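**Q** Here it is, the structure, as structure tokens.
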Amino acid sequence: MYDVIVVGGGHAGCEASLACARKGHKTLLVTGNIKNIADMPCNPSIGGSAKGIVVREIDALGGEMGRNADKSLLQMKMLNVAKGPAVQALRAQADKITYPKNMLKTLREEKNLEIKESLVEDLIVEDKKAKGVVLEDGEKIFASSIILTTGTYLKADILVGSTRTREGPHGERPSNHLSDKLREYGFDIIRLKTGTPQRIDKNSIDFSKTKEEKGDSTAHTFSFDNEIYYDVDNQEPCHLIYTQPETHQIIRENLEKSSMYGGLSDIKGVGPRYCPSIEDKIVRFADKERHQLFLEPESLYYDDIYLQGFSTSMPRDVQEKMVHSLPGLEHAKILKYAYAIEYDAIDSKQLKQSLETKVLENLYTAGQINGTSGYEEAACQGLIAGINASLKLEGKEPLILKRNEAYIGVLIDDLVTKGIIDPYRLLTSRAEYRLLLRHDNADIRLREYGYQVGLVPQEKYDKFLLKKKKIEEVKELLRTTKITPLEETQKYLETIPTTTLKDGISLYEFLRRPEVTFKHIKHFLPLTIDREIEELITIDIKYEGYIEKANKEAAKMVDLDNKKIPSDINYDAIHNLASEAKQKLKKIMPTSIGQALRISGVNPADISLIMVYIKKEYHHES
Amino acid sequence: MKDTIAAISTALGVGAISIIRVSGEDAIEIVSKIWKGKNLKDVPTHTIHYGFIVSQDKTIDEVLLTVMKSPKTFTKEDIIEINSHGGIATTNRILELLLLHGCRLAEPGEFTKRAFLNGRIDLIEAEGVMDLISAKTEKSRNLAINQMTGQVSNLIHELRNQLVEVISNIEVNIDYPEYEDIEVVTIEKIQKTNQYLKAKIEEILKKSETGSLIKEGIKTVIVGKPNVGKSSLLNRLLEEEKAIVTDIAGTTRDIVEGDILLDGILLHMIDTAGIRKTRDQVESIGVKKSLEWIKKADLVLFVLNNEEEMTLEEEEILKQIGDKPTILIINKSDLLAKLKLPELTFPVVPISALKNEGIDELKEKIKELFHLEEIEQSDYTYLSSARSISLLKKCQNIVESIEEGIESQVPIDMLEIDLKNIWNLLGEIIGETYTEELVDEIFSRFCLGK
């Protein structure tokens with residue numbers, strides 16, 4: 001008998017099992033193959049726009065992904081530096097050998113965590129409650145909570161050309177029955193599809209025909225621990241190439257051989273819009289002459305180069321021709337062919353904000369089973385599912401992050417409120433208040449929560465409190481320190497250059513000038529503070545007006561989110577509610593007016609009707 | 001459940017035909033009780049029938065009756081429209097009969113409210129219908145109809161389309177920074193878009209201002225000292241248009257008012273005869289009272305007497321009119337001029353109310369002043385509700401803050417947040433939900449992927 005069983009050892013499963021175990025609960029991680037724990041079956045990268053901020057958020061809450069990525073870097077870059085502070089995010093090339101190895105080590109060291117190699121094919125269910133799992137050999141294991149993080153392994157089919165093979169990535173065994181069982185218990189099962197490009201032998205590529213893309217020359221870390229494990233001066237480069245007219249011609253001529261364009265007639269899975277196959281791109285954007293491709297190193301320990309942008313489900317012989325039409329890859333040796341993969345997922349609208357399912361109590365799901373794609377999206381859900389399964393065992397309220405608090409909040413709210421059609425990827429454009437959800441302030445936003453749920457140790461929390469105090473002290477100092485139109489000062493201002501002073505101004509005001517940076521502040525006020533504190537203060541002061549506006553907007557949303565809808569509300573009893581709205585409300589059962597408003601198909605008139613109804617039916621009693 | 005409502009849906013007493021509308025579950029049953037003709041329960045939907053409205057075997061009126069059955073009706077309920085031959089008494093009598101047999105008198109706009117609640121129309125259409133109900137002239141009816149058919153919506157859609165192109169491009173730049181072959185949105189491009197928005201929004205707001213004049217009518221006051229010819233001017237204008245002069249109850253002859261139609265634009269005329277009441281005072285023209293009237297008006301017709309010099313009071317009022325649209329009317333222009341005008345920017349029109357001279361010139365001047373001839377029949381592309389206008393004004397404020405932002409080198413990321421706010425506000429005007437729209441846009445426009 002365990003407290004928690006986590007099914008699946010991917011990025012969601014790792015975070016979920018670590019969270020539960022670290023919170024003192026006896027946890028079992030069941031995985032099909034221990035060697036594939038924390039595997040990166042697709043691109044060798046972690047982070048990216050929005051996703052990089054999620055990794056910071058995971059770290060602030062006490063999760064593992066950020067630290068583990070820091071230990072496994074091949075290259076690190078800060079994206080969007082020129083576009084503004086709210087959209088900056090880290091993107092790393094992570095070593096596909098080191099990353100899983102480091103993660104497995106961390107899991108093994110966790111004293112409340114056991115790992116078992118097996119496949120789960122059924123759940124033990126009583127009275128609409130999940131009580132345990134049934135393994136492929138029939139063994140039953142009981143637990144108070146179950147977290148499913150099965151990734152793409154539910155009825156996984158690998159598609160290449162006109163062949164369909166029932167297997168997971170790397171030829172792993174899929175789970176053939178679990179999704180059918182879930183359907184029997186009342187889940188709506190959807191079918192999704194994704195794909196991965198070829199891996200090319202590094203030694204067969206002529207890199208002189210490519211453009212080198214290097215990492216940043218300053219060191220970065222995902223984790224707020226700020227420990228640098230990589231050699232900044234010795235990072236692995238990526239390389240950029242473009243598709244050729246010949247490539248497009250080969251694809252057009254062989255289009256019907258692609259699984260997606262006729263090679264297979266039984267495809268039900270919906271593929272991701274943000275991640276189309278190369279044949280999709282050529283069909284949908286026919287007038288585009290060329291497409292960008294990146295050659296990304298997978299590991300220091302083997303020679304595979306990941307061909308980003310070339311995902312396809314063409315048969316192997318066509319893939320050979322396609323790859324050889326690319327500059328520098330004329331004689332390339334394909335080590336692994338590209339493939340598409342189809343898999344089962346559940347309808348995420350059947351989840352609560354806590355990631356517990358509405359269908360079965362004590363059952364949580366996280367990661368690709370919920371319809372998302374991406375390592376970071378999976379990991380953050382795993383962490384939240386782990387935290388909330390534990391909190392429930394402890395008799396506490398779940399941790400639900402709001403849309404103005406974290407990208408994680410945006411992601412989960414999107415999943416449970418809007419549902420998904422194609423695999424869901426986080427984008428900055430999905431966040432209404434991205435100015436609040438920055439890379440630099442992830443700890444300010446979330447450290448407190450991490451400490452309260454018990455995943456951030458006292459020592460780190462104290463360090464965080466010190467940082468917060470320091471920020472306030474420096475801001476106060478900037479407010480109270482004035483510079484005046486002394487000749488010496490004016491001369492310095494001319495060197496920046498910035499307009500000279502007429503009257504004295506505070507350094508706080510001075511920093512607002514677009515051309516003034518913290519470096520110039522230090523000319524007047526010798527401060528020794530960390531770069532990250534400098535950055536945060538600079539952003540806070542320079543964009544104070546914008547941040548205030550965002551906070552005001554967010555307050556409106558929070559206000560609506562605080563207007564609760566009783567869980568026993570009977571939508572059938574509300575007259576005049578549009579039938580589409582009624583149907584969706586009944587399925588999603590939003591917990592607040594704010595959430596109800598975010599459901600597509602529920603319009604403001606419906607909301608007024610609901611509010612009137614709640615007032616009439618519930619408030620007179622109190 | 002819901003009761004059946006009835007109301008007279010055309011203006012009383014004006015047209016040749018009055019329409020009484022009945023909507024609700026019992027509409028057919030109630031009307032049948034006062035109807036002599038085909039059995040309404042058996043007739044097909046959306047058909048017109050000839051017959052009589054009767055009360056205790058006495059014929060009240062000979063009518064045409066339109067039967068529209070749920071759900072394909074304006075309110076999505078059963079609707080019957082009775083086309084009676086008008087006349088206030090007859091129309092009222094029919095309405096009374098309906099109420100007597102179980103209908104409830106509809107509140108103003110209640111049909112529209114039902115249409116809205118039953119999901120028949122969206123918010124902007126509902127507003128358009130409200131306007132249509134209270135529309136007094138042909139032109140304002142056109143405006144209301146245009147709002148319903150979406151001309152205003154189209155215009156807003158066009159603005160949003162321009163915006164979304166830039167926004168989604170910026171979002172792609174942010175979300176896919178490694179894609180170098182996608183156009184990178186520059187500050188210059190944002191500036192261009194912002195200028196376009198600024199011009200368009202200004203144009204719509206300006207037109208909307210005129211639009212609201214068309215809808216509400218132009219409140220016109222005629223001021224001037226006693227016997228200067230105010231009443232005769234008013235009578236000239238009213239006579240011409242054969243409009244109805246009404247005395248406002250309780251004020252006897254204090255204020256005389258009436259509506260005239262000027263090329264389809266409603267002029268709501270008020271003759272401030274009341275200020276003459278200061279008989280005992282030295283001041284023959286009540287400066288204070290006149291100014292109060294002027295404050296409330298959209299247009300001031302200031303009548304002066306050509307035969308007399310300007311009084312101090314007249315000069316005082318002129319000074320204080322400010323930038324309110326004003327026309328100086330020199331009456332008795334056929335007589336010897338003693339009037340010396342100070343240097344003014346107001347247009348001047350000499351008339352002779354007595355001889356009916358200069359009245360056409362005056363009308364032309366009014367049209368000129370309000371750019372009425374600029375408003376083409378087909379160009380009703382402006383907003384007509386206070387809500388929409390205030391939302392658009394919010395957009396205008398944001399456009400200005402973007403301008404300031406560009407000036408102070410705010411990064412693109414923040415400018416885009418403002419652009420997105422405008423996009424959302426415009427969406428609010430046309431009552432669109434926008435949850436997934438932007439993301440869809442991104443993926444349909446750009447080619448991205450692993």
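Chain identifiers are assigned as A, B, and so on, following the order in which chains appear in the structure tokens; residues are numbered from 1 within each chain, and ligands are numbered from 1 in order of appearance.
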Taking 5 positions as the minimum chain separation for residues in the same chain, which residues sit within 6 Å of region 421-430 of chain A when counting only C-alpha atoms? Answer as a ChimeraX atom specification.

**A** /A:50,270-272,371-373

**Q** Write the residues of the preceding selection, restricted to C-alpha atoms, as a compact mmCIF listing (two decimals), in the first residue's frame.

**A**
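Generated file (result_13.txt):
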# COMPACT_ATOMS: atom_id res chain seq x y z
CA ALA A 50 7.15 30.98 -22.66
CA VAL A 270 -5.16 15.53 -34.76
CA GLY A 271 -1.68 16.92 -35.24
CA PRO A 272 -0.31 20.10 -33.68
CA GLY A 371 -3.39 16.72 -24.58
CA THR A 372 -0.35 18.94 -24.17
CA SER A 373 2.95 18.62 -25.96

**Q** Find the residues of chain A that sit at most 7 Å from chain B; for each, write down the nearest two atoms and how far apart they are in Å, to one decimal. Count only C-alpha atoms. Sort by chain, then by number going up, and give it as a tab-separated table.

**A**
residue	atom	partner	partner_atom	distance
A:Ser49	CA	B:Asp175	CA	5.1
A:Leu79	CA	B:Pro177	CA	6.7
A:Asn80	CA	B:Ile174	CA	6.4
A:Lys83	CA	B:Ile412	CA	5.6
A:Gly84	CA	B:Pro411	CA	5.0
A:Val87	CA	B:Ile174	CA	6.7
A:Arg273	CA	B:Phe443	CA	6.3
A:Tyr274	CA	B:Gly449	CA	5.5
A:Cys275	CA	B:Gly449	CA	3.8
A:Pro276	CA	B:Gly449	CA	5.4
A:Lys281	CA	B:Cys447	CA	6.3
A:Phe285	CA	B:Cys447	CA	6.8
A:Gln292	CA	B:Tyr179	CA	6.9
A:Gln308	CA	B:Lys450	CA	4.9
A:Gly309	CA	B:Lys450	CA	3.9
A:Phe310	CA	B:Lys450	CA	6.6
A:Ser311	CA	B:Lys450	CA	6.4
A:Leu427	CA	B:Asp175	CA	6.1
A:Thr428	CA	B:Asp175	CA	6.4
A:Ser429	CA	B:Glu171	CA	6.2
A:Pro514	CA	B:Gln409	CA	6.1
A:Asn576	CA	B:Asn118	CA	6.1
A:Ala578	CA	B:Gly119	CA	6.8
A:Ser600	CA	B:Thr435	CA	6.6

**Q** With distances taken over only C-alpha atoms, which of A:Ile200, A:Leu192, A:Ile539, A:Leu527 is nearest to Arg513 (chain A)?

**A**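 Of the candidates, the smallest distance to Arg513 (chain A) is held by A:Ile539.
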
**Q** Find, counting only C-alpha atoms, the residue in B:Ile82, B:Glu29, B:Cys395, B:Ala115 that gets nearest to Gly51 (chain B).

**A**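 The answer is B:Ile82, which sits nearest to Gly51 (chain B).
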